[in-house]
>>> print(open('upload_38.pdb').read())   # PDB, C-alpha atoms and all ligand atoms
ATOM      1  CA  MET A  26      96.758  72.379 108.216
ATOM      2  CA  GLU A  27      97.619  73.624 104.739
ATOM      3  CA  THR A  28      97.545  77.360 104.190
ATOM      4  CA  THR A  29      94.650  78.669 102.143
ATOM      5  CA  LYS A  30      95.428  80.786  99.124
ATOM      6  CA  GLY A  31      92.615  83.008  97.956
ATOM      7  CA  ARG A  32      92.759  85.469  95.102
ATOM      8  CA  PHE A  33      91.276  88.508  93.470
ATOM      9  CA  ALA A  34      91.395  88.490  89.678
ATOM     10  CA  PRO A  35      90.048  91.754  88.281
ATOM     11  CA  SER A  36      89.940  92.701  84.609
ATOM     12  CA  PRO A  37      91.431  96.171  84.117
ATOM     13  CA  SER A  38      88.664  97.356  81.821
ATOM     14  CA  GLY A  39      87.519 100.325  83.905
ATOM     15  CA  ARG A  40      87.669 101.857  87.361
ATOM     16  CA  MET A  41      86.491  99.445  90.020
ATOM     17  CA  HIS A  42      83.082 100.064  91.562
ATOM     18  CA  LEU A  43      81.656  99.230  94.957
ATOM     19  CA  GLY A  44      80.711  95.719  93.772
ATOM     20  CA  ASN A  45      84.290  94.946  92.753
ATOM     21  CA  MET A  46      85.487  96.189  96.148
ATOM     22  CA  PHE A  47      82.886  94.023  97.872
ATOM     23  CA  CYS A  48      84.293  91.004  96.049
ATOM     24  CA  ALA A  49      87.886  92.004  96.829
ATOM     25  CA  LEU A  50      87.134  92.540 100.514
ATOM     26  CA  LEU A  51      85.223  89.283 100.967
ATOM     27  CA  SER A  52      87.777  87.142  99.156
ATOM     28  CA  TRP A  53      90.449  88.779 101.323
ATOM     29  CA  LEU A  54      88.423  88.185 104.510
ATOM     30  CA  SER A  55      87.702  84.583 103.598
ATOM     31  CA  ALA A  56      91.408  83.876 103.083
ATOM     32  CA  LYS A  57      92.573  85.873 106.106
ATOM     33  CA  SER A  58      89.964  84.396 108.460
ATOM     34  CA  ARG A  59      91.625  81.050 107.826
ATOM     35  CA  GLY A  60      95.144  82.366 108.163
ATOM     36  CA  GLY A  61      95.613  82.184 104.400
ATOM     37  CA  LYS A  62      97.360  84.240 101.763
ATOM     38  CA  TRP A  63      95.726  86.467  99.166
ATOM     39  CA  LEU A  64      96.928  86.815  95.604
ATOM     40  CA  LEU A  65      96.265  89.547  93.040
ATOM     41  CA  ARG A  66      96.145  88.586  89.371
ATOM     42  CA  ILE A  67      95.485  91.053  86.573
ATOM     43  CA  GLU A  68      93.136  89.524  83.989
ATOM     44  CA  ASP A  69      94.146  91.641  81.018
ATOM     45  CA  LEU A  70      93.475  89.040  78.359
ATOM     46  CA  ASP A  71      91.287  91.150  76.160
ATOM     47  CA  PRO A  72      93.627  93.550  74.373
ATOM     48  CA  GLY A  73      90.756  95.728  73.199
ATOM     49  CA  ARG A  74      89.383  96.434  76.685
ATOM     50  CA  SER A  75      92.328  96.160  79.074
ATOM     51  CA  ARG A  76      94.319  99.253  80.012
ATOM     52  CA  TYR A  77      97.466  99.529  82.064
ATOM     53  CA  GLU A  78      96.152 102.687  83.800
ATOM     54  CA  TYR A  79      93.144 100.760  85.066
ATOM     55  CA  ALA A  80      95.379  98.015  86.442
ATOM     56  CA  ARG A  81      97.349 100.701  88.319
ATOM     57  CA  LEU A  82      94.122 102.173  89.671
ATOM     58  CA  ILE A  83      92.990  98.731  90.839
ATOM     59  CA  GLU A  84      96.164  98.426  92.892
ATOM     60  CA  ASP A  85      95.734 101.946  94.198
ATOM     61  CA  ASP A  86      92.112 101.356  95.238
ATOM     62  CA  LEU A  87      93.012  98.094  96.991
ATOM     63  CA  HIS A  88      95.861  99.762  98.881
ATOM     64  CA  TRP A  89      93.595 102.660  99.766
ATOM     65  CA  LEU A  90      91.046 100.341 101.335
ATOM     66  CA  GLY A  91      93.765  98.451 103.208
ATOM     67  CA  LEU A  92      93.729  95.244 101.191
ATOM     68  CA  ASP A  93      97.330  94.233 100.723
ATOM     69  CA  TRP A  94      98.172  91.200  98.671
ATOM     70  CA  ASP A  95     100.773  88.640  99.706
ATOM     71  CA  GLU A  96     101.571  87.623  96.159
ATOM     72  CA  GLY A  97     101.079  88.965  92.637
ATOM     73  CA  GLY A  98     100.271  92.415  91.345
ATOM     74  CA  ILE A  99     101.399  94.160  88.177
ATOM     75  CA  ASP A 100     105.126  94.273  88.774
ATOM     76  CA  ALA A 101     105.725  91.049  90.672
ATOM     77  CA  ASP A 102     108.032  88.502  89.144
ATOM     78  CA  GLY A 103     108.537  90.302  85.831
ATOM     79  CA  GLY A 104     104.810  90.759  85.242
ATOM     80  CA  SER A 105     103.977  87.073  85.471
ATOM     81  CA  TYR A 106     100.748  87.745  87.393
ATOM     82  CA  CYS A 107      99.334  89.603  84.395
ATOM     83  CA  GLN A 108      97.561  87.254  82.023
ATOM     84  CA  SER A 109      98.809  89.156  78.981
ATOM     85  CA  ARG A 110     102.328  87.939  79.871
ATOM     86  CA  ARG A 111     101.438  84.281  80.305
ATOM     87  CA  GLY A 112     100.951  83.195  76.692
ATOM     88  CA  ASP A 113     103.771  80.628  76.766
ATOM     89  CA  ILE A 114     102.258  78.912  79.777
ATOM     90  CA  TYR A 115      98.812  78.771  78.155
ATOM     91  CA  GLU A 116     100.392  77.426  74.969
ATOM     92  CA  ARG A 117     102.091  74.636  76.880
ATOM     93  CA  GLU A 118      98.948  73.690  78.793
ATOM     94  CA  LEU A 119      96.835  73.815  75.633
ATOM     95  CA  GLY A 120      99.352  71.419  74.100
ATOM     96  CA  ARG A 121      98.697  69.002  76.960
ATOM     97  CA  LEU A 122      94.952  69.276  76.463
ATOM     98  CA  MET A 123      95.333  68.724  72.726
ATOM     99  CA  GLN A 124      96.863  65.347  73.448
ATOM    100  CA  THR A 125      93.464  64.190  74.672
ATOM    101  CA  GLY A 126      92.115  64.668  71.132
ATOM    102  CA  LEU A 127      89.256  66.748  72.525
ATOM    103  CA  VAL A 128      90.442  70.131  71.221
ATOM    104  CA  TYR A 129      89.516  70.876  67.616
ATOM    105  CA  PRO A 130      89.785  73.760  65.164
ATOM    106  CA  CYS A 131      86.687  75.911  64.814
ATOM    107  CA  ARG A 132      86.163  78.597  62.191
ATOM    108  CA  CYS A 133      82.792  79.894  63.356
ATOM    109  CA  THR A 134      82.725  83.671  63.856
ATOM    110  CA  ARG A 135      80.414  84.193  66.807
ATOM    111  CA  ALA A 136      82.715  82.299  69.144
ATOM    112  CA  ASP A 137      85.574  84.637  68.364
ATOM    113  CA  ILE A 138      83.562  87.565  69.632
ATOM    114  CA  MET A 139      82.422  86.015  72.882
ATOM    115  CA  ALA A 140      85.432  83.997  73.907
ATOM    116  CA  THR A 141      87.647  86.177  76.076
ATOM    117  CA  GLN A 142      84.850  87.730  78.031
ATOM    118  CA  ALA A 143      83.870  86.377  81.410
ATOM    119  CA  PRO A 144      80.269  85.371  80.689
ATOM    120  CA  HIS A 145      78.406  87.320  83.336
ATOM    121  CA  LEU A 146      74.813  86.155  83.744
ATOM    122  CA  SER A 147      73.214  89.126  82.067
ATOM    123  CA  ASP A 148      74.977  88.240  78.826
ATOM    124  CA  GLY A 149      72.749  85.186  78.394
ATOM    125  CA  HIS A 150      73.741  81.716  77.365
ATOM    126  CA  ILE A 151      74.886  80.639  73.971
ATOM    127  CA  VAL A 152      75.132  76.904  73.378
ATOM    128  CA  TYR A 153      77.566  76.046  70.594
ATOM    129  CA  SER A 154      75.889  74.192  67.780
ATOM    130  CA  GLY A 155      78.726  71.745  67.137
ATOM    131  CA  LYS A 156      79.126  72.907  63.538
ATOM    132  CA  CYS A 157      82.895  72.370  63.404
ATOM    133  CA  ARG A 158      82.989  69.374  65.751
ATOM    134  CA  PRO A 159      84.806  66.444  64.109
ATOM    135  CA  ALA A 160      82.763  63.280  63.783
ATOM    136  CA  GLY A 161      83.624  60.664  66.365
ATOM    137  CA  ILE A 162      85.395  63.078  68.732
ATOM    138  CA  GLU A 163      83.429  61.652  71.651
ATOM    139  CA  ASP A 164      85.582  58.534  71.293
ATOM    140  CA  ALA A 165      88.838  60.485  71.716
ATOM    141  CA  GLY A 166      90.774  59.102  74.618
ATOM    142  CA  ARG A 167      89.064  55.741  74.391
ATOM    143  CA  GLU A 168      91.234  52.728  73.839
ATOM    144  CA  GLY A 169      92.100  52.137  70.210
ATOM    145  CA  HIS A 170      91.260  55.696  69.134
ATOM    146  CA  THR A 171      94.294  57.254  67.520
ATOM    147  CA  SER A 172      93.189  59.742  64.877
ATOM    148  CA  TYR A 173      93.584  63.135  66.520
ATOM    149  CA  ILE A 174      94.949  64.847  63.455
ATOM    150  CA  TYR A 175      92.862  67.955  62.917
ATOM    151  CA  ASP A 176      93.326  70.496  60.165
ATOM    152  CA  TRP A 177      94.534  73.649  61.979
ATOM    153  CA  LYS A 178      96.137  75.396  59.023
ATOM    154  CA  GLY A 179      93.670  74.740  56.215
ATOM    155  CA  GLY A 180      90.422  76.640  55.641
ATOM    156  CA  GLU A 181      89.853  80.248  54.692
ATOM    157  CA  ARG A 182      90.125  81.738  58.157
ATOM    158  CA  ALA A 183      92.361  81.100  61.135
ATOM    159  CA  ALA A 184      90.852  78.601  63.547
ATOM    160  CA  ALA A 185      89.862  78.979  67.187
ATOM    161  CA  ALA A 186      90.704  76.066  69.505
ATOM    162  CA  ARG A 187      87.470  74.647  70.868
ATOM    163  CA  ILE A 188      87.079  71.811  73.345
ATOM    164  CA  PHE A 189      84.493  69.075  73.066
ATOM    165  CA  VAL A 190      82.215  68.869  76.097
ATOM    166  CA  SER A 191      80.828  65.469  76.897
ATOM    167  CA  GLY A 192      77.330  65.594  78.362
ATOM    168  CA  GLY A 193      76.691  65.047  82.052
ATOM    169  CA  ASP A 194      76.498  67.029  85.244
ATOM    170  CA  ILE A 195      79.537  68.497  86.925
ATOM    171  CA  CYS A 196      78.743  68.613  90.632
ATOM    172  CA  PHE A 197      80.467  70.712  93.243
ATOM    173  CA  ASP A 198      79.705  72.184  96.610
ATOM    174  CA  ASP A 199      79.720  75.970  96.490
ATOM    175  CA  GLY A 200      80.958  77.396  99.779
ATOM    176  CA  HIS A 201      78.065  79.864  99.842
ATOM    177  CA  TYR A 202      75.303  78.606  97.533
ATOM    178  CA  GLY A 203      75.670  74.916  98.455
ATOM    179  CA  PRO A 204      75.536  71.845  96.201
ATOM    180  CA  GLN A 205      75.425  72.540  92.456
ATOM    181  CA  CYS A 206      75.084  70.203  89.497
ATOM    182  CA  ILE A 207      75.530  71.850  86.116
ATOM    183  CA  ASP A 208      75.834  70.188  82.714
ATOM    184  CA  PRO A 209      78.234  72.282  80.591
ATOM    185  CA  SER A 210      76.872  70.704  77.404
ATOM    186  CA  ARG A 211      73.554  72.447  78.153
ATOM    187  CA  LEU A 212      75.126  75.599  79.507
ATOM    188  CA  CYS A 213      77.479  76.393  76.638
ATOM    189  CA  GLY A 214      78.381  73.219  74.740
ATOM    190  CA  ASP A 215      81.887  72.933  73.312
ATOM    191  CA  PHE A 216      83.735  76.084  74.298
ATOM    192  CA  VAL A 217      86.653  78.124  73.043
ATOM    193  CA  LEU A 218      90.080  77.987  74.697
ATOM    194  CA  ARG A 219      91.917  80.209  72.251
ATOM    195  CA  ARG A 220      90.279  82.529  69.783
ATOM    196  CA  ALA A 221      91.107  82.595  66.096
ATOM    197  CA  ASP A 222      93.022  85.855  66.650
ATOM    198  CA  ASN A 223      95.137  84.024  69.247
ATOM    199  CA  ALA A 224      93.603  85.752  72.278
ATOM    200  CA  TRP A 225      93.210  83.307  75.164
ATOM    201  CA  ALA A 226      89.756  82.655  76.503
ATOM    202  CA  TYR A 227      88.892  83.533  80.078
ATOM    203  CA  GLN A 228      87.628  80.019  80.932
ATOM    204  CA  PHE A 229      90.930  78.423  80.011
ATOM    205  CA  ALA A 230      93.335  81.045  81.350
ATOM    206  CA  VAL A 231      91.582  81.303  84.711
ATOM    207  CA  VAL A 232      91.900  77.552  85.280
ATOM    208  CA  VAL A 233      95.557  77.368  84.266
ATOM    209  CA  ASP A 234      96.395  80.379  86.427
ATOM    210  CA  ASP A 235      94.486  79.412  89.549
ATOM    211  CA  ALA A 236      95.930  75.892  89.384
ATOM    212  CA  LEU A 237      99.531  76.849  88.673
ATOM    213  CA  MET A 238      99.484  79.737  91.147
ATOM    214  CA  GLY A 239      98.352  77.333  93.879
ATOM    215  CA  VAL A 240      95.008  79.051  94.498
ATOM    216  CA  ASP A 241      92.787  76.744  96.499
ATOM    217  CA  GLU A 242      89.857  79.064  97.147
ATOM    218  CA  VAL A 243      88.043  81.005  94.438
ATOM    219  CA  VAL A 244      85.715  83.712  95.768
ATOM    220  CA  ARG A 245      83.912  85.901  93.192
ATOM    221  CA  GLY A 246      80.492  87.141  92.124
ATOM    222  CA  ARG A 247      77.681  84.682  91.541
ATOM    223  CA  ASP A 248      77.466  85.746  87.900
ATOM    224  CA  LEU A 249      80.364  83.314  87.451
ATOM    225  CA  LEU A 250      78.811  80.451  89.432
ATOM    226  CA  ALA A 251      77.837  78.436  86.350
ATOM    227  CA  SER A 252      81.290  78.995  84.844
ATOM    228  CA  ALA A 253      82.713  76.924  87.673
ATOM    229  CA  ALA A 254      81.298  73.834  85.924
ATOM    230  CA  GLN A 255      83.209  74.586  82.709
ATOM    231  CA  GLN A 256      86.283  75.306  84.759
ATOM    232  CA  ILE A 257      86.041  72.076  86.772
ATOM    233  CA  TYR A 258      85.700  70.187  83.480
ATOM    234  CA  LEU A 259      89.087  71.621  82.476
ATOM    235  CA  TYR A 260      90.629  71.021  85.924
ATOM    236  CA  ARG A 261      89.811  67.345  85.564
ATOM    237  CA  LEU A 262      91.136  66.995  82.029
ATOM    238  CA  LEU A 263      94.354  68.789  82.933
ATOM    239  CA  GLY A 264      94.804  66.725  86.097
ATOM    240  CA  TYR A 265      94.891  69.779  88.355
ATOM    241  CA  ARG A 266      93.583  69.844  91.901
ATOM    242  CA  GLU A 267      90.219  71.627  92.035
ATOM    243  CA  PRO A 268      89.956  74.669  94.298
ATOM    244  CA  ALA A 269      87.018  75.335  96.590
ATOM    245  CA  PHE A 270      84.528  77.743  95.012
ATOM    246  CA  ALA A 271      82.417  80.244  96.953
ATOM    247  CA  HIS A 272      80.307  82.775  95.088
ATOM    248  CA  LEU A 273      78.982  86.093  96.334
ATOM    249  CA  PRO A 274      75.711  87.936  95.866
ATOM    250  CA  LEU A 275      75.961  90.819  93.435
ATOM    251  CA  LEU A 276      75.648  94.482  94.254
ATOM    252  CA  CYS A 277      72.853  95.982  92.164
ATOM    253  CA  ASN A 278      71.540  99.443  91.478
ATOM    254  CA  GLU A 279      68.043 100.632  92.414
ATOM    255  CA  LYS A 280      66.622  98.919  89.318
ATOM    256  CA  GLY A 281      68.113  95.597  90.373
ATOM    257  CA  GLU A 282      70.802  95.655  87.676
ATOM    258  CA  ARG A 283      74.301  94.496  88.534
ATOM    259  CA  LEU A 284      76.662  97.432  89.041
ATOM    260  CA  CYS A 285      78.924  97.798  86.057
ATOM    261  CA  LYS A 286      81.998  99.804  85.234
ATOM    262  CA  ARG A 287      80.153 101.905  82.673
ATOM    263  CA  ASP A 288      77.862 103.234  85.413
ATOM    264  CA  ARG A 289      80.157 105.718  87.112
ATOM    265  CA  SER A 290      78.138 106.725  90.159
ATOM    266  CA  LEU A 291      79.433 104.040  92.518
ATOM    267  CA  ASP A 292      82.930 103.823  91.134
ATOM    268  CA  MET A 293      85.891 104.208  93.425
ATOM    269  CA  GLY A 294      86.954 107.483  91.859
ATOM    270  CA  GLU A 295      83.657 109.059  92.915
ATOM    271  CA  LEU A 296      83.383 107.292  96.272
ATOM    272  CA  ARG A 297      86.882 108.267  97.328
ATOM    273  CA  LYS A 298      85.905 111.922  96.964
ATOM    274  CA  THR A 299      83.122 111.622  99.515
ATOM    275  CA  HIS A 300      84.057 108.784 101.870
ATOM    276  CA  SER A 301      87.080 107.576 103.804
ATOM    277  CA  ALA A 302      88.467 104.054 103.382
ATOM    278  CA  GLU A 303      87.173 103.123 106.855
ATOM    279  CA  GLU A 304      83.677 104.333 105.961
ATOM    280  CA  ILE A 305      83.607 102.291 102.755
ATOM    281  CA  THR A 306      84.931  99.239 104.603
ATOM    282  CA  GLY A 307      82.259  99.687 107.286
ATOM    283  CA  LEU A 308      79.573  99.944 104.615
ATOM    284  CA  LEU A 309      80.812  96.827 102.795
ATOM    285  CA  GLY A 310      81.080  94.891 106.049
ATOM    286  CA  CYS A 311      77.492  95.816 106.875
ATOM    287  CA  LEU A 312      76.252  94.885 103.377
ATOM    288  CA  ALA A 313      78.028  91.551 103.856
ATOM    289  CA  GLY A 314      76.045  90.980 107.050
ATOM    290  CA  LEU A 315      79.140  91.043 109.256
ATOM    291  CA  THR A 316      78.028  94.056 111.300
ATOM    292  CA  GLU A 317      74.633  95.490 112.130
ATOM    293  CA  LYS A 318      75.522  99.087 111.410
ATOM    294  CA  ALA A 319      77.779 100.637 108.810
ATOM    295  CA  GLU A 320      80.379 101.981 111.186
ATOM    296  CA  ALA A 321      83.824 103.015 110.010
ATOM    297  CA  CYS A 322      86.366 100.239 110.523
ATOM    298  CA  SER A 323      89.428  98.613 108.956
ATOM    299  CA  PRO A 324      89.408  95.388 106.912
ATOM    300  CA  ALA A 325      91.603  93.769 109.593
ATOM    301  CA  SER A 326      88.947  94.446 112.247
ATOM    302  CA  LEU A 327      86.401  92.450 110.202
ATOM    303  CA  VAL A 328      88.518  89.301 110.013
ATOM    304  CA  SER A 329      87.306  87.854 113.321
ATOM    305  CA  LEU A 330      83.678  88.688 112.399
ATOM    306  CA  PHE A 331      83.814  86.987 109.020
ATOM    307  CA  ASP A 332      81.491  84.006 108.602
ATOM    308  CA  TRP A 333      79.988  82.840 105.317
ATOM    309  CA  LYS A 334      76.726  82.115 107.158
ATOM    310  CA  LYS A 335      76.213  85.826 107.768
ATOM    311  CA  VAL A 336      76.626  86.801 104.109
ATOM    312  CA  PRO A 337      73.271  87.212 102.313
ATOM    313  CA  LEU A 338      72.374  84.914  99.434
ATOM    314  CA  GLY A 339      70.185  87.393  97.583
ATOM    315  CA  ASP A 340      71.638  90.252  95.581
ATOM    316  CA  ILE A 341      72.173  93.495  97.451
ATOM    317  CA  ARG A 342      70.561  96.703  96.212
ATOM    318  CA  ILE A 343      72.345  99.934  96.695
ATOM    319  CA  SER A 344      72.048 103.298  95.042
ATOM    320  CA  PRO A 345      74.097 106.444  95.393
ATOM    321  CA  GLY A 346      71.087 108.201  96.890
ATOM    322  CA  THR A 347      70.694 105.655  99.658
ATOM    323  CA  LEU A 348      74.339 105.375 100.619
ATOM    324  CA  PRO A 349      74.177 105.782 104.349
ATOM    325  CA  GLU A 350      75.500 109.014 105.790
ATOM    326  CA  LEU A 351      78.677 107.820 107.390
TER     327      LEU A 351
HETATM  328  N1  LIG A 401      88.354  88.734  85.610
HETATM  329  C1  LIG A 401      86.984  88.442  85.943
HETATM  330  C2  LIG A 401      86.233  89.742  86.153
HETATM  331  O1  LIG A 401      86.839  90.763  86.448
HETATM  332  C3  LIG A 401      86.847  87.620  87.204
HETATM  333  C4  LIG A 401      87.263  86.247  87.006
HETATM  334  C5  LIG A 401      87.218  85.345  88.216
HETATM  335  O2  LIG A 401      87.191  85.818  89.355
HETATM  336  O3  LIG A 401      87.242  84.135  87.988
HETATM  337  O4  LIG A 401      85.038  89.739  86.042
END
>>> encode(input="upload_38.pdb", output="C-alpha cells", more="lines below")
Ligand code: GLU
Amino acid sequence: METTKGRFAPSPSGRMHLGNMFCALLSWLSAKSRGGKWLLRIEDLDPGRSRYEYARLIEDDLHWLGLDWDEGGIDADGGSYCQSRRGDIYERELGRLMQTGLVYPCRCTRADIMATQAPHLSDGHIVYSGKCRPAGIEDAGREGHTSYIYDWKGGERAAAARIFVSGGDICFDDGHYGPQCIDPSRLCGDFVLRRADNAWAYQFAVVVDDALMGVDEVVRGRDLLASAAQQIYLYRLLGYREPAFAHLPLLCNEKGERLCKRDRSLDMGELRKTHSAEEITGLLGCLAGLTEKAEACSPASLVSLFDWKKVPLGDIRISPGTLPEL
C-alpha cells in the first residue's frame, strides 16, 4: 500500500482561529489514521496580506496542539515549502501550460484584484466575461492548430495570464461530501494563473505544489469545494496525478458566519490564555463527532477514533459564550 501524504496549507494572513485548527487537526488525523505523512506548506502568495510573524505563529500553534509535520514548514529545504519562494517552479509549469495554447494575456483589471485570494464561498462567484479571450482559442491543441502567438508585451498595461476553460462538468468523488460535478465555465469561466503584477494565483500555485510535493489527499474547508473543479482542470492539463479531495464543514459563529481571522474572539492567541492544548483538542474532536463529550485528550489519542462517517456534513456553530467549560 502506498503511503498517504496529507497536508495543511495555511495562508499567514492573521492568527489562526479555532476553524483553522479544526482543519489542521482533521487533515492530520485523516493522514495519520492511514499511516500517512503530513506536510505543512505556507501559502504566502499575497505579498500585501502575508506576514512572516503569522507564519511563525502558525507553526507555534500547531506545535502547541501537538500537530507535528513530517515535511515542510518555514525553514525546511531553504524555504521551499513557502509559496513566495517557488516562483521559478511556477514559471516553469506555466511555460508547460502555455504550450497548450490555452493561456492568453488578459488586461482586465478586476481579475488582478481577485486572483491570488482563495475564493471562499462568501466572496461570491464572478464569471469572467471572456473580453480578452482570443478568437478560436477553443481549437488550441486540436490537430492543425498552430497559431499560439499571443501579444504579451503590447498593450497599455501589463497582462495577467488567464487560462481558457472549455465548458463541461468536472466530476470527482469528495471523500466527505460524495460525488460532485461542477462546470468551471459556469463557476468562474477562464481564470487567472498569474496576475498582471506577477503575483501567482492561488488556483495555479496550489495545484503545482500539491502535485510536485506528492500530496495525494487534500483535506480543507468546504468553502474550497468548488475550487477543486478548477484545480482538477489544471491537474489534467498538466498531466499530474489528481489527489483525493475531502472537504470539511466550516466552523461558524452564533450568526452562522464562517469564523474569520478578523474576528479575534476564537483565535488561538485568546484561546491559549484560557484553555490547555488537550482541552482544545478534546473540543475539536467532539465537534468533529469523534467523541461524545469534549474531554481533554491528545491528537494522537484521536487517531484510532477517526472516521469520516462520524464527521458532520453541516456547518458547526460555536461562539465564545458557549465554549464548554472544560
Ligand atoms: N491557503 C488557503 C487558506 O488558508 C487554503 C488552501 C487549500 O487548502 O487548498 O485558506
>>> axis_aligned_box(input="upload_38.pdb", around="segment 120-124 of chain A", padding_each_side="3 Å", output="JSON")
{"center_x": 97.2, "center_y": 68.4, "center_z": 74.8, "size_x": 10.4, "size_y": 12.1, "size_z": 10.2}
>>> resolve_selection(input="upload_38.pdb", expression="the PyMOL selection byres (((not hetatm)) within 9 of (chain A and resi 401))", output="VMD selection string")
chain A and resid 32 to 38 45 48 66 to 70 142 to 145 227 to 228 231 to 232 235 243 to 246 248 to 249 252 to 253
>>> residues_near_point(input="upload_38.pdb", point="(95.6, 100.4, 104.4)", cutoff="12 Å", atoms="all atoms listed in the file", output="list in words")
Glu84, Asp85, Asp86, Leu87, His88, Trp89, Leu90, Gly91, Leu92, Asp93, Trp94, Ser301, Ala302, Glu303, Thr306, Cys322, Ser323, Pro324, Ala325 and Ser326 of chain A
>>> atom_distance(input="upload_38.pdb", atom1="atom CA of Phe189 of chain A", atom2="atom CA of Asp208 of chain A")
13.0 Å
>>> residues_around(input="upload_38.pdb", residues="segment 274-288 of chain A", least_positions_apart="4", cutoff="10 Å", atoms="all atoms listed in the file", output="number ranges by chain")
A: 38-45, 47-48, 145-147, 201-202, 245-248, 292, 312-313, 336-347
>>> atom_distance(input="upload_38.pdb", atom1="atom CA of Met238 of chain A", atom2="atom CA of Gly104 of chain A")
13.6 Å
>>> closest_residue(input="upload_38.pdb", among="A:Gly73, A:Lys335, A:Thr28, A:Gly161", to="Glu317 of chain A", atoms="only C-alpha atoms")
A:Lys335
>>> resolve_selection(input="upload_38.pdb", expression="the PyMOL selection byres (((chain A and resi 178-185) around 6) and not hetatm)", output="list of chain:residue names")
A:Pro130, A:Cys131, A:Arg132, A:Asp176, A:Trp177, A:Ala186, A:Arg219, A:Arg220, A:Ala221
>>> atom_distance(input="upload_38.pdb", atom1="atom CA of Thr125 of chain A", atom2="atom CA of Gly239 of chain A")
23.8 Å
>>> closest_residue(input="upload_38.pdb", among="A:Ala251, A:Leu122, A:Ile207, A:Cys157", to="Val233 of chain A", atoms="only C-alpha atoms")
A:Leu122
>>> residues_around(input="upload_38.pdb", residues="Gln255 of chain A", least_positions_apart="3", cutoff="10 Å", atoms="only C-alpha atoms", output="mmCIF file with C-alpha atoms, in the frame of the given file")
data_model
loop_
_atom_site.group_PDB
_atom_site.id
_atom_site.type_symbol
_atom_site.label_atom_id
_atom_site.label_comp_id
_atom_site.auth_asym_id
_atom_site.auth_seq_id
_atom_site.Cartn_x
_atom_site.Cartn_y
_atom_site.Cartn_z
ATOM 1 C CA VAL A 190 82.215 68.869 76.097
ATOM 2 C CA ILE A 195 79.537 68.497 86.925
ATOM 3 C CA ILE A 207 75.530 71.850 86.116
ATOM 4 C CA ASP A 208 75.834 70.188 82.714
ATOM 5 C CA PRO A 209 78.234 72.282 80.591
ATOM 6 C CA SER A 210 76.872 70.704 77.404
ATOM 7 C CA LEU A 212 75.126 75.599 79.507
ATOM 8 C CA CYS A 213 77.479 76.393 76.638
ATOM 9 C CA GLY A 214 78.381 73.219 74.740
ATOM 10 C CA ASP A 215 81.887 72.933 73.312
ATOM 11 C CA PHE A 216 83.735 76.084 74.298
ATOM 12 C CA GLN A 228 87.628 80.019 80.932
ATOM 13 C CA PHE A 229 90.930 78.423 80.011
ATOM 14 C CA VAL A 232 91.900 77.552 85.280
ATOM 15 C CA LEU A 250 78.811 80.451 89.432
ATOM 16 C CA ALA A 251 77.837 78.436 86.350
ATOM 17 C CA SER A 252 81.290 78.995 84.844
ATOM 18 C CA TYR A 258 85.700 70.187 83.480
ATOM 19 C CA LEU A 259 89.087 71.621 82.476
ATOM 20 C CA TYR A 260 90.629 71.021 85.924
#
>>> resolve_selection(input="upload_38.pdb", expression="the PyMOL selection byres (((chain A and resi 99) around 9) and not hetatm)", output="list in words")
Leu65, Arg66, Ile67, Ala80, Arg81, Glu84, Gly97, Gly98, Asp100, Ala101, Asp102, Gly103, Gly104, Ser105, Tyr106 and Cys107 of chain A
>>> closest_residue(input="upload_38.pdb", among="A:Lys156, A:Lys334, A:Arg289, A:Lys62", to="Glu96 of chain A", atoms="all atoms listed in the file")
A:Lys62
>>> closest_residue(input="upload_38.pdb", among="A:Gln108, A:Ser52, A:Gln124, A:Ser329", to="Ile188 of chain A", atoms="only C-alpha atoms")
A:Gln124
>>> closest_residue(input="upload_38.pdb", among="A:Gly294, A:Pro72, A:Gly310, A:Gly126", to="Val328 of chain A", atoms="only C-alpha atoms")
A:Gly310
>>> closest_residue(input="upload_38.pdb", among="A:Glu295, A:Asp95, A:Asp332, A:Glu78", to="Leu315 of chain A", atoms="all atoms listed in the file")
A:Asp332
>>> residues_around(input="upload_38.pdb", residues="Gly200 of chain A", least_positions_apart="5", cutoff="10 Å", atoms="all atoms listed in the file", output="JSON, numbers by chain")
{"A": [242, 243, 244, 269, 270, 271, 272, 273, 333, 334]}
